[in-house]
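Here's my_file-v2.txt, which has compact mmCIF, C-alpha atoms:
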```txt
# COMPACT_ATOMS: atom_id res chain seq x y z
CA MET A 66 -8.81 50.90 -3.23
CA SER A 67 -8.70 50.95 0.54
CA LEU A 68 -7.21 48.18 2.61
CA LEU A 69 -10.58 47.48 4.14
CA SER A 70 -12.25 46.81 0.81
CA CYS A 71 -9.36 44.54 -0.22
CA ILE A 72 -9.79 42.53 2.94
CA GLY A 73 -13.53 42.48 2.37
CA ILE A 74 -13.12 41.13 -1.15
CA ALA A 75 -10.57 38.53 -0.04
CA ALA A 76 -12.92 37.38 2.71
CA CYS A 77 -15.82 37.08 0.25
CA LEU A 78 -13.74 35.09 -2.23
CA THR A 79 -12.53 32.76 0.52
CA ALA A 80 -16.08 32.24 1.72
CA LEU A 81 -17.22 31.47 -1.84
CA LEU A 82 -14.33 29.05 -2.29
CA LEU A 83 -15.14 27.22 0.93
CA LEU A 84 -18.78 27.04 -0.05
CA ARG A 85 -17.85 25.65 -3.46
CA ILE A 86 -15.60 23.04 -1.84
CA TYR A 87 -18.42 22.08 0.51
CA PHE A 88 -20.69 21.45 -2.46
CA VAL A 89 -18.27 19.43 -4.57
CA LEU A 90 -16.76 17.09 -2.00
CA PRO A 91 -18.80 13.89 -1.67
CA ALA A 92 -17.90 13.70 2.01
CA PHE A 93 -20.46 16.40 2.71
CA GLY A 94 -23.17 14.58 0.84
CA ARG A 95 -24.07 17.36 -1.53
CA ASP A 96 -22.47 15.85 -4.60
CA SER A 97 -25.94 14.68 -5.56
CA LYS A 98 -25.74 14.43 -9.34
CA TYR A 99 -23.17 11.65 -9.26
CA ALA A 100 -24.55 9.93 -6.20
CA SER A 101 -27.96 9.52 -7.81
CA LYS A 102 -26.45 8.20 -11.04
CA ARG A 103 -24.76 5.46 -9.03
CA ARG A 104 -27.87 4.64 -7.05
CA LYS A 105 -29.78 4.09 -10.29
CA GLY A 106 -27.23 1.37 -11.06
CA LYS A 107 -26.07 2.84 -14.33
CA ALA A 108 -23.22 0.42 -14.85
CA THR A 109 -23.10 0.63 -18.64
CA VAL A 110 -19.58 0.90 -19.92
CA ARG A 111 -18.69 4.27 -21.29
CA ALA A 112 -18.25 4.17 -25.05
CA SER A 113 -14.89 5.83 -25.03
CA ALA A 114 -12.16 3.65 -23.59
CA ASP A 115 -9.60 6.34 -23.98
CA MET A 116 -9.16 7.23 -20.35
CA THR A 117 -6.08 7.88 -18.30
CA LEU A 118 -5.90 6.21 -14.92
CA CYS A 119 -3.54 7.86 -12.48
CA VAL A 120 -2.09 5.47 -9.90
CA VAL A 121 -0.20 7.03 -7.01
CA LEU A 122 2.60 4.90 -5.64
CA GLY A 123 4.74 5.38 -2.58
CA SER A 124 6.91 3.06 -0.58
CA GLY A 125 7.24 -0.70 -0.91
CA GLY A 126 4.34 -1.97 1.13
CA HIS A 127 1.81 0.30 -0.51
CA THR A 128 3.14 -0.55 -3.97
CA ALA A 129 2.89 -4.29 -3.38
CA GLU A 130 -0.75 -3.92 -2.40
CA MET A 131 -1.54 -1.57 -5.24
CA MET A 132 -0.12 -4.01 -7.79
CA ARG A 133 -2.49 -6.65 -6.41
CA LEU A 134 -5.44 -4.25 -6.58
CA LEU A 135 -4.62 -3.39 -10.20
CA GLN A 136 -5.15 -7.03 -11.16
CA GLY A 137 -8.84 -6.22 -10.82
CA VAL A 138 -8.75 -3.30 -13.25
CA GLU A 139 -9.35 -3.87 -16.96
CA PHE A 140 -6.65 -1.98 -18.78
CA ASP A 141 -8.75 -2.06 -21.96
CA ARG A 142 -10.89 0.70 -20.49
CA TYR A 143 -7.99 2.71 -19.16
CA MET A 144 -5.80 2.81 -22.21
CA GLN A 145 -3.24 4.96 -20.48
CA ARG A 146 -1.89 4.44 -17.03
CA LEU A 147 0.04 7.16 -15.30
CA TYR A 148 2.09 6.05 -12.33
CA VAL A 149 3.07 8.87 -10.02
CA VAL A 150 5.95 7.59 -7.92
CA GLY A 151 7.75 9.12 -4.95
CA ASP A 152 11.31 10.13 -5.81
CA SER A 153 13.11 8.02 -3.27
CA ASP A 154 11.12 4.91 -4.05
CA ALA A 155 13.46 2.67 -6.00
CA LEU A 156 11.61 -0.59 -5.85
CA SER A 157 8.37 0.36 -7.62
CA LEU A 158 9.66 0.40 -11.20
CA ASP A 159 10.20 -3.37 -11.33
CA GLN A 160 6.78 -3.99 -9.92
CA ILE A 161 5.12 -1.62 -12.38
CA GLY A 162 6.82 -3.48 -15.21
CA ILE A 163 5.50 -6.80 -13.95
CA VAL A 164 1.87 -5.71 -13.64
CA GLU A 165 1.95 -3.89 -16.99
CA ARG A 166 3.26 -6.84 -18.95
CA ARG A 167 0.15 -8.94 -18.47
CA GLY A 168 -2.66 -9.25 -21.01
CA ASN A 169 -2.69 -7.99 -24.59
CA THR A 170 0.33 -6.22 -25.85
CA TYR A 171 -1.22 -3.55 -28.01
CA ASN A 172 -3.24 -1.78 -25.39
CA GLU A 173 -0.27 -1.09 -23.22
CA GLU A 174 0.63 2.47 -22.72
CA TYR A 175 1.92 3.55 -19.41
CA PHE A 176 3.98 6.38 -18.05
CA VAL A 177 5.97 6.76 -14.89
CA GLU A 178 6.54 10.18 -13.41
CA ARG A 179 8.53 10.90 -10.30
CA VAL A 180 7.56 13.41 -7.67
CA PRO A 181 9.60 14.55 -4.69
CA ARG A 182 8.21 12.93 -1.57
CA SER A 183 5.88 15.28 0.29
CA ARG A 184 7.42 14.15 3.55
CA GLU A 185 10.01 11.51 4.31
CA VAL A 186 9.49 9.19 7.28
CA GLY A 187 11.00 10.89 10.31
CA GLN A 188 11.32 14.26 8.62
CA PRO A 189 10.63 17.11 11.06
CA TRP A 190 7.16 18.53 10.55
CA LEU A 191 8.63 22.02 10.56
CA THR A 192 10.27 21.49 7.19
CA ALA A 193 7.20 19.76 5.79
CA PRO A 194 5.55 22.83 4.18
CA LEU A 195 8.57 23.26 1.90
CA SER A 196 8.69 19.65 0.75
CA VAL A 197 4.91 19.57 0.38
CA ALA A 198 5.07 22.68 -1.80
CA ARG A 199 7.71 21.11 -4.04
CA CYS A 200 5.63 17.97 -4.34
CA LEU A 201 2.52 20.03 -5.08
CA VAL A 202 4.13 22.01 -7.89
CA ARG A 203 5.57 18.92 -9.51
CA THR A 204 2.29 16.99 -9.21
CA ALA A 205 0.32 19.91 -10.65
CA SER A 206 2.64 20.04 -13.66
CA ILE A 207 2.21 16.30 -14.22
CA PHE A 208 -1.57 16.61 -14.05
CA LEU A 209 -1.51 19.45 -16.56
CA ASP A 210 0.59 17.35 -18.93
CA TYR A 211 -1.37 14.11 -18.72
CA ARG A 212 -4.92 15.24 -17.80
CA PRO A 213 -5.81 12.05 -15.93
CA ASP A 214 -9.49 11.07 -15.74
CA VAL A 215 -9.44 9.20 -12.46
CA VAL A 216 -7.06 8.80 -9.51
CA LEU A 217 -6.47 5.59 -7.57
CA CYS A 218 -4.39 5.63 -4.43
CA ASN A 219 -3.82 3.64 -1.28
CA GLY A 220 -1.95 5.61 1.27
CA PRO A 221 1.54 6.96 0.74
CA GLY A 222 2.05 10.63 1.65
CA ASN A 223 2.25 11.94 -1.89
CA CYS A 224 -1.26 10.68 -2.54
CA VAL A 225 -2.77 13.45 -0.44
CA VAL A 226 -1.00 15.99 -2.62
CA ALA A 227 -2.14 14.19 -5.78
CA CYS A 228 -5.75 14.20 -4.59
CA VAL A 229 -5.67 17.87 -3.68
CA VAL A 230 -4.34 18.63 -7.16
CA ALA A 231 -7.03 16.39 -8.69
CA LEU A 232 -9.73 18.36 -6.86
CA VAL A 233 -8.73 21.74 -8.25
CA PRO A 234 -10.38 21.28 -11.67
CA ARG A 235 -13.54 20.14 -9.90
CA ILE A 236 -13.61 23.13 -7.59
CA LEU A 237 -13.13 25.42 -10.55
CA GLY A 238 -15.98 23.70 -12.37
CA LEU A 239 -13.71 22.49 -15.18
CA LYS A 240 -13.49 18.71 -14.82
CA ARG A 241 -14.51 16.15 -12.27
CA ILE A 242 -11.67 13.72 -11.60
CA PRO A 243 -13.00 10.95 -9.33
CA ILE A 244 -10.74 9.89 -6.48
CA ILE A 245 -10.77 6.30 -5.28
CA TYR A 246 -8.92 5.51 -2.08
CA VAL A 247 -8.26 2.01 -0.76
CA GLU A 248 -6.96 1.90 2.80
CA SER A 249 -4.16 -0.54 3.44
CA PHE A 250 -4.74 -4.17 4.34
CA ALA A 251 -2.61 -3.49 7.41
CA ARG A 252 -5.13 -1.00 8.79
CA VAL A 253 -7.45 -3.15 10.89
CA ARG A 254 -8.57 -0.81 13.62
CA THR A 255 -7.20 2.62 12.75
CA LEU A 256 -6.85 4.67 9.60
CA SER A 257 -3.53 5.96 8.37
CA LEU A 258 -2.98 9.73 8.38
CA SER A 259 -3.50 9.81 4.61
CA GLY A 260 -6.67 7.82 5.14
CA LYS A 261 -8.05 10.26 7.67
CA ILE A 262 -7.45 13.16 5.30
CA LEU A 263 -8.72 11.40 2.23
CA TYR A 264 -11.83 10.24 4.04
CA LEU A 265 -12.98 13.80 3.46
CA LEU A 266 -11.67 14.17 -0.07
CA ALA A 267 -12.18 10.84 -1.83
CA ASP A 268 -15.29 9.93 -3.82
CA ARG A 269 -15.03 6.28 -2.84
CA PHE A 270 -13.28 5.20 0.33
CA ILE A 271 -12.63 1.49 0.62
CA VAL A 272 -11.46 -0.35 3.72
CA GLN A 273 -10.40 -3.97 4.03
CA TRP A 274 -11.52 -4.64 7.60
CA PRO A 275 -15.08 -4.31 8.91
CA GLY A 276 -14.23 -2.68 12.24
CA LEU A 277 -13.43 0.61 10.53
CA VAL A 278 -16.91 1.20 9.17
CA SER A 279 -18.44 2.00 12.54
CA THR A 280 -15.99 4.88 13.03
CA TYR A 281 -16.03 5.90 9.39
CA PRO A 282 -19.52 5.31 8.04
CA ARG A 283 -18.69 6.52 4.52
CA ALA A 284 -16.18 3.71 4.17
CA GLU A 285 -17.04 0.67 2.06
CA TYR A 286 -15.81 -2.64 3.46
CA ILE A 287 -14.61 -5.12 0.84
CA PRO A 288 -12.76 -8.24 2.06
CA HIS A 289 -10.24 -10.36 0.15
CA LEU A 290 -9.17 -7.70 -2.31
CA VAL A 291 -5.53 -8.68 -1.80
CA MET B 218 13.90 -27.71 4.39
CA SER B 219 14.62 -24.02 4.22
CA VAL B 220 13.68 -20.91 6.15
CA TYR B 221 13.49 -17.44 4.64
CA VAL B 222 13.83 -14.44 6.96
CA THR B 223 12.83 -11.05 5.59
CA VAL B 224 12.73 -7.56 7.09
CA GLY B 225 11.60 -5.68 3.99
CA SER B 226 12.93 -2.35 2.81
CA THR B 227 14.09 -1.05 6.17
CA GLY B 228 15.72 -2.94 9.03
CA PHE B 229 14.84 -4.94 12.12
CA ASP B 230 17.92 -5.14 14.29
CA ARG B 231 16.55 -7.35 17.03
CA LEU B 232 15.15 -9.90 14.63
CA ILE B 233 18.35 -10.10 12.60
CA GLN B 234 20.36 -10.44 15.77
CA THR B 235 18.11 -13.27 16.95
CA VAL B 236 18.28 -15.22 13.73
CA SER B 237 22.05 -15.14 13.63
CA GLY B 238 22.25 -16.59 17.13
CA LYS B 239 23.15 -20.14 18.12
CA ALA B 240 19.88 -20.77 19.96
CA PHE B 241 17.86 -19.98 16.87
CA LEU B 242 19.98 -22.18 14.63
CA GLN B 243 19.73 -25.03 17.08
CA ALA B 244 15.94 -24.70 17.16
CA LEU B 245 15.83 -24.76 13.35
CA SER B 246 18.02 -27.81 13.22
CA SER B 247 15.91 -29.71 15.72
CA GLN B 248 12.85 -29.05 13.55
CA GLY B 249 14.54 -30.46 10.46
CA PHE B 250 15.56 -27.27 8.71
CA ARG B 251 18.86 -27.32 6.86
CA ARG B 252 19.01 -23.98 5.09
CA LEU B 253 18.57 -20.39 6.23
CA VAL B 254 18.26 -17.43 3.88
CA VAL B 255 18.31 -13.99 5.48
CA GLN B 256 17.30 -10.71 3.84
CA TYR B 257 18.59 -8.19 6.40
CA GLY B 258 17.86 -4.82 4.76
CA THR B 259 19.63 -2.11 6.73
CA SER B 260 20.42 -4.42 9.64
CA ALA B 261 23.55 -5.95 8.10
CA HIS B 262 25.63 -4.93 11.12
CA LYS B 263 23.48 -7.11 13.37
CA PHE B 264 23.87 -10.20 11.27
CA GLU B 265 26.73 -12.14 12.83
CA PRO B 266 26.24 -15.87 12.34
CA PRO B 267 28.50 -18.26 14.25
CA ALA B 268 31.92 -18.87 12.75
CA THR B 269 32.18 -22.58 13.47
CA TRP B 270 30.28 -25.37 11.74
CA SER B 271 29.16 -26.99 14.97
CA ASP B 272 27.69 -23.74 16.21
CA THR B 273 25.61 -23.43 13.08
CA HIS B 274 24.15 -26.89 13.78
CA GLY B 275 24.52 -27.93 10.18
CA ILE B 276 22.43 -25.07 8.82
CA SER B 277 23.77 -23.55 5.62
CA ILE B 278 23.33 -19.79 5.71
CA GLU B 279 22.92 -17.25 2.93
CA SER B 280 22.28 -13.56 3.39
CA PHE B 281 21.84 -10.35 1.43
CA ASP B 282 20.39 -6.87 1.87
CA TYR B 283 17.60 -6.64 -0.70
CA THR B 284 15.95 -8.57 -3.46
CA SER B 285 13.72 -7.29 -6.22
CA ARG B 286 12.08 -10.70 -6.54
CA PRO B 287 10.99 -11.70 -3.04
CA SER B 288 8.17 -13.90 -4.34
CA ARG B 289 10.60 -16.47 -5.73
CA LEU B 290 12.31 -16.90 -2.37
CA ILE B 291 9.03 -16.97 -0.50
CA GLU B 292 7.56 -19.70 -2.69
CA LYS B 293 10.64 -21.88 -2.38
CA ALA B 294 10.86 -21.64 1.40
CA ASP B 295 9.24 -24.06 3.82
CA LEU B 296 8.88 -21.42 6.53
CA ILE B 297 8.92 -17.65 6.42
CA ILE B 298 9.88 -15.43 9.31
CA SER B 299 8.93 -11.93 8.42
CA HIS B 300 8.51 -8.39 9.70
CA ALA B 301 4.89 -7.27 9.69
CA GLY B 302 5.04 -5.75 6.21
CA THR B 303 1.97 -6.31 4.08
CA GLY B 304 4.00 -7.21 0.99
CA SER B 305 5.79 -10.12 2.65
CA ILE B 306 2.70 -11.24 4.54
CA LEU B 307 0.53 -11.35 1.43
CA GLU B 308 3.20 -13.22 -0.55
CA ALA B 309 3.42 -15.84 2.17
CA LEU B 310 -0.34 -16.18 2.59
CA HIS B 311 -0.97 -16.64 -1.13
CA SER B 312 1.93 -19.01 -1.73
CA GLY B 313 0.73 -21.28 1.06
CA THR B 314 4.04 -21.08 2.91
CA PRO B 315 3.69 -21.03 6.72
CA ILE B 316 4.67 -17.69 8.21
CA ILE B 317 5.68 -16.41 11.60
CA ILE B 318 5.17 -12.66 11.72
CA VAL B 319 7.61 -10.99 14.08
CA VAL B 320 6.32 -7.72 15.47
CA ASN B 321 8.65 -4.89 16.32
CA ARG B 322 7.64 -3.20 19.55
CA GLU B 323 10.39 -0.64 19.14
CA LEU B 324 8.63 1.01 16.22
CA MET B 325 6.99 4.31 17.08
CA ASP B 326 3.72 3.47 15.50
CA ASP B 327 2.74 -0.05 16.41
CA HIS B 328 -0.23 -0.36 14.08
CA GLN B 329 1.60 -3.07 12.20
CA SER B 330 0.91 -5.55 14.97
CA GLU B 331 -2.83 -5.08 14.35
CA ILE B 332 -2.67 -7.08 11.14
CA ALA B 333 -0.42 -9.74 12.66
CA HIS B 334 -2.79 -10.36 15.56
CA GLU B 335 -5.90 -10.20 13.39
CA LEU B 336 -4.57 -12.82 10.99
CA ALA B 337 -3.31 -14.96 13.87
CA SER B 338 -6.70 -14.93 15.57
CA SER B 339 -8.15 -16.50 12.43
CA GLY B 340 -5.36 -19.06 12.33
CA TYR B 341 -3.74 -17.87 9.10
CA VAL B 342 -0.35 -16.96 10.60
CA ALA B 343 1.72 -17.33 13.76
CA VAL B 344 2.99 -14.28 15.65
CA ALA B 345 6.10 -13.82 17.77
CA GLU B 346 8.51 -11.18 19.03
CA PRO B 347 12.28 -11.41 18.66
CA ALA B 348 12.52 -12.56 22.28
CA THR B 349 9.97 -15.33 21.81
CA LEU B 350 10.97 -16.47 18.33
CA VAL B 351 13.27 -19.32 19.32
CA ASP B 352 10.61 -20.76 21.58
CA ALA B 353 8.00 -20.39 18.82
CA ILE B 354 10.16 -22.46 16.44
CA ALA B 355 10.70 -25.13 19.07
CA ARG B 356 6.94 -25.34 19.64
CA ASN B 357 6.11 -25.61 15.89
CA VAL B 358 3.68 -22.71 16.02
CA TYR B 359 3.88 -22.59 12.25
CA MET B 360 2.24 -25.99 11.78
CA GLY B 361 -1.47 -26.40 11.18
CA LEU B 362 -2.13 -22.90 9.84
CA VAL B 363 -5.36 -22.32 7.93
CA PRO B 364 -5.05 -21.82 4.15
CA TYR B 365 -5.72 -18.23 3.11
CA PRO B 366 -8.61 -17.49 0.70
CA ALA B 367 -7.77 -16.38 -2.83
CA ALA B 368 -7.96 -12.66 -3.57
CA ASP B 369 -10.51 -11.04 -5.86
CA PRO B 370 -9.68 -7.42 -6.64
CA ARG B 371 -12.35 -7.02 -9.32
CA PRO B 372 -14.57 -4.84 -7.09
CA ILE B 373 -11.91 -2.15 -7.42
CA GLY B 374 -12.20 -2.21 -11.20
CA GLU B 375 -15.98 -2.03 -10.87
CA ILE B 376 -15.79 0.92 -8.52
CA ILE B 377 -13.47 2.81 -10.85
CA ASP B 378 -15.88 2.06 -13.71
CA GLU B 379 -18.85 3.31 -11.68
CA GLU B 380 -17.10 6.58 -10.91
CA THR B 381 -16.07 7.27 -14.48
CA LEU B 382 -19.52 6.85 -16.00
```
Translate the structure described by the file into structure tokens.
Amino acid sequence: MSLLSCIGIAACLTALLLLRIYFVLPAFGRDSKYASKRRKGKATVRASADMTLCVVLGSGGHTAEMMRLLQGVEFDRYMQRLYVVGDSDALSLDQIGIVERRGNTYNEEYFVERVPRSREVGQPWLTAPLSVARCLVRTASIFLDYRPDVVLCNGPGNCVVACVVALVPRILGLKRIPIIYVESFARVRTLSLSGKILYLLADRFIVQWPGLVSTYPRAEYIPHLV
Amino acid sequence: MSVYVTVGSTGFDRLIQTVSGKAFLQALSSQGFRRLVVQYGTSAHKFEPPATWSDTHGISIESFDYTSRPSRLIEKADLIISHAGTGSILEALHSGTPIIIVVNRELMDDHQSEIAHELASSGYVAVAEPATLVDAIARNVYMGLVPYPAADPRPIGEIIDEETL
């Protein structure tokens, strides 16, 4: 096969991939099947409660907020919780233990998996592709093991990697894993870098201050979550 | 009455330096505080409290680098002086303990002062910088703060439910 036809095929596949991505990401407003289901207010609880909720945790501040947000989630429906924690984050384990010990004892099943941080604070951006790749591979292997049904994250760097991994089954037409992103309480006027990226990738994008909605119209403002 | 100073998981050299100084201790003493607890994180080298009893103005001082249970210390304190980390701020707001948020202008990304100023404009917290902290104590900026509304995170659970229909 000639080089030209190889390039031609690669270009076609890339174009198809981009088109597919355009159609599955809610940010582009074409994810109509799920949007219309929500508009019809179909809030009936799914019969099966056997779902795995993946919670992405990063450094201290994000974890503290996430633990508060999780108080609003009924663990009865998400019988398994998978906490994906950045490697160098030592403080999260205690906090996970505290939030998991509430409520009934027999519905508790949670797992903690470590991932190498996609980028440490202050790390030169030049070395970032390598650390991101390591994080990506590890996260992908975790997702293959646990098959989470939904991802909840609030800002640390490794959450972008987790969301990209979560989107792959959707792009391939295999499984739709919804992504819910809650921007930090500290973000009053600007979004974090993760927030700006996930604004395009997340299915629901929640902010805690009203000023952000004018710049980011897809964002949903909900006060007093934490 | 006791004061709890916290800088979170990193450090805040200028704040730690300020709170180990004589002027700060004198201001605390004049406001009726008798105990100071300092969580200095990576700024241990900046924490140099006075050696003599008279210089400490009768304030008993404890210090350490990290704690895994900050909520206990925050609840027990009568005043919190904290970096602008959301964890510490939320603990203080929900425990009803007055808080002075100290912003760090030396940080590259100053977005953290957004939350400090936003909360201060609604009267929930007081804000200072290391250079203005002693004056803030002397002026009781931490009195008369507005109680913070209780949190309700249930919308998050509802949103997750909606998306997993």
Contacts from chain B to chain A, 12 Å maximum, only C-alpha atoms: show me the residue list as a ChimeraX atom specification.
/B:224-227,283-288,300-308,310-311,324-336,365-382
In file coordinates, which residues lie within 12 Å of (2.5, -23.4, 17.9) using all atoms listed in the file, given as a CSV table (one decimal) with C-alpha atoms, keeping the file's coordinate frame?
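Below you can see point.csv, which holds the result:
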```csv
chain,number,residue,atom,x,y,z
B,315,PRO,CA,3.7,-21.0,6.7
B,316,ILE,CA,4.7,-17.7,8.2
B,317,ILE,CA,5.7,-16.4,11.6
B,337,ALA,CA,-3.3,-15.0,13.9
B,340,GLY,CA,-5.4,-19.1,12.3
B,342,VAL,CA,-0.4,-17.0,10.6
B,343,ALA,CA,1.7,-17.3,13.8
B,344,VAL,CA,3.0,-14.3,15.6
B,345,ALA,CA,6.1,-13.8,17.8
B,349,THR,CA,10.0,-15.3,21.8
B,350,LEU,CA,11.0,-16.5,18.3
B,351,VAL,CA,13.3,-19.3,19.3
B,352,ASP,CA,10.6,-20.8,21.6
B,353,ALA,CA,8.0,-20.4,18.8
B,354,ILE,CA,10.2,-22.5,16.4
B,355,ALA,CA,10.7,-25.1,19.1
B,356,ARG,CA,6.9,-25.3,19.6
B,357,ASN,CA,6.1,-25.6,15.9
B,358,VAL,CA,3.7,-22.7,16.0
B,359,TYR,CA,3.9,-22.6,12.2
B,360,MET,CA,2.2,-26.0,11.8
B,361,GLY,CA,-1.5,-26.4,11.2
B,362,LEU,CA,-2.1,-22.9,9.8
```
Mind giving me the straight-line distance from atom CA of Thr117 of chain A to atom CA of Arg146 of chain A in Å, one decimal?
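One can read the atom CA of Thr117 of chain A to atom CA of Arg146 of chain A distance as 5.6 Å.
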Between atom CA of Ala205 of chain A and atom CA of Ile86 of chain A, what is the distance in Å, rounded to a tenth?
18.5 Å
For a quick check of understanding, using only C-alpha atoms, which of B:Ala294, B:Val236, B:Ile276, B:Val254 has the smallest distance to Val319 of chain B?
B:Val236
Between atom CA of Ala80 of chain A and atom CA of Ile236 of chain A, what distance in Å does the model show, to one decimal?
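A separation of 13.3 Å between them.
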Nearby residues (only C-alpha atoms) at most 12 Å from Ser246 of chain B, same-chain spacing under 6 positions excluded, as a ChimeraX atom specification:
/B:218-220,239-240,252-253,271-277,351,354-355
Take the residues that were just selected and, keeping C-alpha atoms, output them as a compact mmCIF listing (two decimals), in the frame of the given file.
```txt
# COMPACT_ATOMS: atom_id res chain seq x y z
CA MET B 218 13.90 -27.71 4.39
CA SER B 219 14.62 -24.02 4.22
CA VAL B 220 13.68 -20.91 6.15
CA LYS B 239 23.15 -20.14 18.12
CA ALA B 240 19.88 -20.77 19.96
CA ARG B 252 19.01 -23.98 5.09
CA LEU B 253 18.57 -20.39 6.23
CA SER B 271 29.16 -26.99 14.97
CA ASP B 272 27.69 -23.74 16.21
CA THR B 273 25.61 -23.43 13.08
CA HIS B 274 24.15 -26.89 13.78
CA GLY B 275 24.52 -27.93 10.18
CA ILE B 276 22.43 -25.07 8.82
CA SER B 277 23.77 -23.55 5.62
CA VAL B 351 13.27 -19.32 19.32
CA ILE B 354 10.16 -22.46 16.44
CA ALA B 355 10.70 -25.13 19.07
```
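Residues in contact range of Pro275 of chain A, defined as at most 6 Å between all atoms listed in the file, with sequence neighbours fewer than 2 positions away removed, read Leu277, Val278 and Tyr286 of chain A.
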Next, dump the selected residues to file, keeping only C-alpha atoms, as a PDB file, in the coordinates of the input.
```
ATOM      1  CA  LEU A 277     -13.430   0.610  10.530  1.00  0.00           C
ATOM      2  CA  VAL A 278     -16.910   1.200   9.170  1.00  0.00           C
ATOM      3  CA  TYR A 286     -15.810  -2.640   3.460  1.00  0.00           C
TER       4      TYR A 286
END
```
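Take the candidates B:Tyr221, B:Glu265, B:Asp230, B:Ile318 and check each one against Arg289 of chain B using all atoms listed in the file; the shortest distance goes to B:Tyr221.
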Excluding segment 178-185 of chain A and residues on its chain fewer than 5 positions from it, collect all residues at most 12 Å away from it, counting all atoms listed in the file, and give them as a VMD selection string.
chain A and resid 119 to 124 146 to 155 157 to 158 161 190 to 208 210 to 211 221 to 227 259
